[in-house]
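K.L.:
The following block contains the structure, expressed as structure tokens.
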Amino acid sequence: MKTSGNTILMTGGGSGIGEALAHRFHDRGDTVIVVGRRQGALDRAAAGRERIHTRTLDVEDAAAVATFAKSIVADFPSLNVLFNNAGIMKFEDLTAPRDLADAAATLAINVMGPIRLTDALIDHLARQPDAAIVTVTSGLAFVPLVAAPTYSASKAAMHSYTVSLRTQLAGKVEVIELAPPGVQTDLTPGQANRPGYMPLDAFADAVAAQFAQQPTPREILVDEVQFLRQAEREGRFDETLKTLTERAAQQRAAGGGE
């Protein structure tokens, strides 16, 4: 991925990781289109930055994604980077029957959203020089947070999908996976101030530094996520799962989440 001069489509760009990275890409010389459901949040993310543009989109709506892809290519023919960042996370109790609406929405947004948008833009991207697709997964793709089972499963699915996408697009479009640790954002209640989570600005700075490397690493991994990413490889998966589960339960009991 070029270190500046890209035209980047950033889903989930109105807040959190998407907004922070959009600012850093803009400030290094890229044009960024931040995309999300709430125009007000997008406007705040774009304020004062002349190369950040805004577009609304509900990635759950298949017809809207198809229409959006045609209009965005028409408006930004130089688009060469798709950054699949939008996602939601819900805590779920699997021990009794329940309303599955949260699980369905998580899969629709976290899995089908990036698959649909990638599919809608793949012909355009394949014709662009220096094209790249970035998929934001999670450290929880490698060791699940059992209190958020569908979220963890959705990120594991997108890790696997990204491996396949990279292999099929080899020589045509660069495919990069960004797997964050727990970051202080509003992804879940209380997370923006949760102790033990990585501060958003520190995370975004570390990620931006890795995107500045040439060649771009195919996996963008800050130091704080290696505990999860390398757990199985290092033979400590069960221990890591236990530690993660206990830590999360303590945080929720202390009021750090649902």
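Chain labels run A, B, ... following the order of the structure tokens; each chain numbers its residues from 1, and ligands are numbered from 1 in the order shown.
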So that I can see what lies close to segment 174-182 of chain A, please list as a VMD selection string the residues with an atom at most 8 Å from it, counting only C-alpha atoms and leaving out residues fewer than 3 positions away in the same chain.

P.N.:
chain A and resid 1 130 to 140 159 162 165 to 166 169 to 171 197 to 198 217 to 222 224 to 225

K.L.:
Pick out the residues sitting within 7 Å of segment 27-36 of chain A, and hand them over as a list in words; count only C-alpha atoms, and ignore anything fewer than 5 positions along from it in its own chain.

P.N.:
Ser4, Gly5, Asn6, Thr7, Ile8, Leu9, Met10, Thr11, Gly12, Gly13, Gly14, Ala22, Leu42, Arg51, Ile52, His53, Thr54, Arg55, Thr56, Leu57 and Asp58 of chain A

K.L.:
Rank nothing, just name the residue among A:Leu21, A:Ala46, A:Ala63, A:Ala156 nearest to Arg116 of chain A, using only C-alpha atoms.

P.N.:
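Nearest candidate to Arg116 of chain A out of A:Leu21, A:Ala46, A:Ala63, A:Ala156: A:Ala63.
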
K.L.:
From a DSSP calculation on the backbone, collect every residue of segment 89-210 of chain A in helix (DSSP H, G or I) and output the set as a ChimeraX atom specification.

P.N.:
/A:101-127,139-141,149-168,191-193,200-210

K.L.:
Could you find all residues in segment 26-155 of chain A that DSSP calls strand (DSSP E or B) from the backbone, and write them as a ChimeraX atom specification?

P.N.:
/A:31-36,52-56,81-84,132-136

K.L.:
Show me, as a ChimeraX atom specification, the residues that have an atom within 9 Å of Ala231 of chain A when counting only C-alpha atoms, minus same-chain residues fewer than 4 positions from it.

P.N.:
/A:142-143,226-227,235-241

K.L.:
Atom CA of Phe91 of chain A and atom CA of Ala20 of chain A are how many Å apart?

P.N.:
24.6 Å

K.L.:
Any idea what's packed within 12 Å of Arg194 of chain A, counting only C-alpha atoms, ignoring anything in its chain fewer than 5 positions away? Could you give it as a VMD selection string?

P.N.:
chain A and resid 182 to 189 199 to 200 247 to 248 250 to 252 254 to 257

K.L.:
Would you save the residues of that selection, restricted to N, CA and C atoms, as a short mmCIF file (atom, residue, chain, number, x, y, z; two decimals), in the first residue's frame?

P.N.:
data_model
loop_
_atom_site.label_atom_id
_atom_site.label_comp_id
_atom_site.auth_asym_id
_atom_site.auth_seq_id
_atom_site.Cartn_x
_atom_site.Cartn_y
_atom_site.Cartn_z
N GLY A 182 -7.88 -5.06 22.54
CA GLY A 182 -8.91 -4.21 23.13
C GLY A 182 -8.43 -2.77 23.12
N VAL A 183 -9.21 -1.91 22.49
CA VAL A 183 -8.85 -0.50 22.35
C VAL A 183 -9.92 0.35 23.03
N GLN A 184 -9.52 1.45 23.61
CA GLN A 184 -10.47 2.32 24.31
C GLN A 184 -11.31 3.11 23.31
N THR A 185 -12.44 2.50 22.92
CA THR A 185 -13.42 3.12 22.03
C THR A 185 -14.80 2.89 22.62
N ASP A 186 -15.82 3.34 21.91
CA ASP A 186 -17.20 3.14 22.35
C ASP A 186 -17.82 1.87 21.77
N LEU A 187 -17.00 0.90 21.38
CA LEU A 187 -17.52 -0.33 20.80
C LEU A 187 -18.50 -1.03 21.74
N THR A 188 -18.20 -1.06 23.03
CA THR A 188 -19.10 -1.61 24.04
C THR A 188 -19.22 -0.61 25.19
N PRO A 189 -20.28 -0.70 25.99
CA PRO A 189 -20.46 0.25 27.09
C PRO A 189 -19.28 0.24 28.06
N PRO A 199 -5.04 2.78 24.78
CA PRO A 199 -5.58 4.09 24.41
C PRO A 199 -5.67 4.24 22.89
N LEU A 200 -6.76 4.85 22.44
CA LEU A 200 -7.02 4.93 21.00
C LEU A 200 -5.91 5.63 20.24
N ARG A 247 -10.47 -12.08 33.24
CA ARG A 247 -10.25 -10.63 33.24
C ARG A 247 -11.51 -9.90 32.79
N ALA A 248 -12.16 -10.40 31.76
CA ALA A 248 -13.38 -9.76 31.26
C ALA A 248 -14.50 -9.81 32.30
N GLN A 250 -14.14 -9.88 35.53
CA GLN A 250 -13.80 -8.92 36.58
C GLN A 250 -14.13 -7.50 36.16
N GLN A 251 -13.85 -7.18 34.90
CA GLN A 251 -14.15 -5.84 34.41
C GLN A 251 -15.64 -5.56 34.38
N ARG A 252 -16.43 -6.55 33.97
CA ARG A 252 -17.88 -6.36 33.94
C ARG A 252 -18.43 -6.22 35.35
N ALA A 254 -16.94 -4.97 37.79
CA ALA A 254 -16.53 -3.67 38.32
C ALA A 254 -17.22 -2.52 37.60
N GLY A 255 -18.12 -2.86 36.67
CA GLY A 255 -18.85 -1.83 35.96
C GLY A 255 -18.22 -1.41 34.66
N GLY A 256 -17.28 -2.21 34.15
CA GLY A 256 -16.60 -1.86 32.92
C GLY A 256 -17.27 -2.38 31.68
N GLY A 257 -18.50 -2.87 31.78
CA GLY A 257 -19.21 -3.37 30.61
C GLY A 257 -20.51 -3.99 31.05
#

K.L.:
Under the rule that only C-alpha atoms are counted, which of A:Thr216, A:Thr150, A:Thr106, A:Asn193 is the nearest residue to Asp93 of chain A?

P.N.:
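Looking at the shortest contact to Asp93 of chain A, the residue is A:Thr150.
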
K.L.:
Restricting the calculation to only C-alpha atoms: of A:Gly48, A:Pro144, A:Pro129, A:Pro195, which residue gets closest to Val81 of chain A?

P.N.:
A:Pro129

K.L.:
Determine the nearest neighbour of Asp201 of chain A from the options A:Ala96, A:Ala64, A:Ile17, A:Val111, counting only C-alpha atoms.

P.N.:
A:Ile17

K.L.:
Just to confirm, what's the straight-line distance from atom CA of Ser154 of chain A to atom CA of Arg38 of chain A in Å (one decimal)?

P.N.:
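Between atom CA of Ser154 of chain A and atom CA of Arg38 of chain A the gap is 23.2 Å.
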
K.L.:
Between atom CA of Pro215 of chain A and atom CA of Asn110 of chain A, measure the distance and give it in Å to one decimal.

P.N.:
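Computing the Euclidean distance for atom CA of Pro215 of chain A and atom CA of Asn110 of chain A yields 27.4 Å.
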
K.L.:
For a quick check of understanding, using only C-alpha atoms, which of A:Phe211, A:Ala253, A:Ala62, A:Ser164 has the smallest distance to Gly190 of chain A?

P.N.:
A:Ala253

K.L.:
My list of candidates is A:Ala103, A:Ala206, A:Ile109, A:Leu125. Which is closest to Val65 of chain A when distances are computed with only C-alpha atoms?

P.N.:
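Under the stated criterion, the closest residue is A:Ile109.
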
K.L.:
Compile the contact shell of Asp119 of chain A as an NGL selection string: residues with an atom at most 10 Å away, counting only C-alpha atoms, same-chain residues fewer than 5 positions apart removed.

P.N.:
:A and (65-66 or 69 or 113-114 or 124)
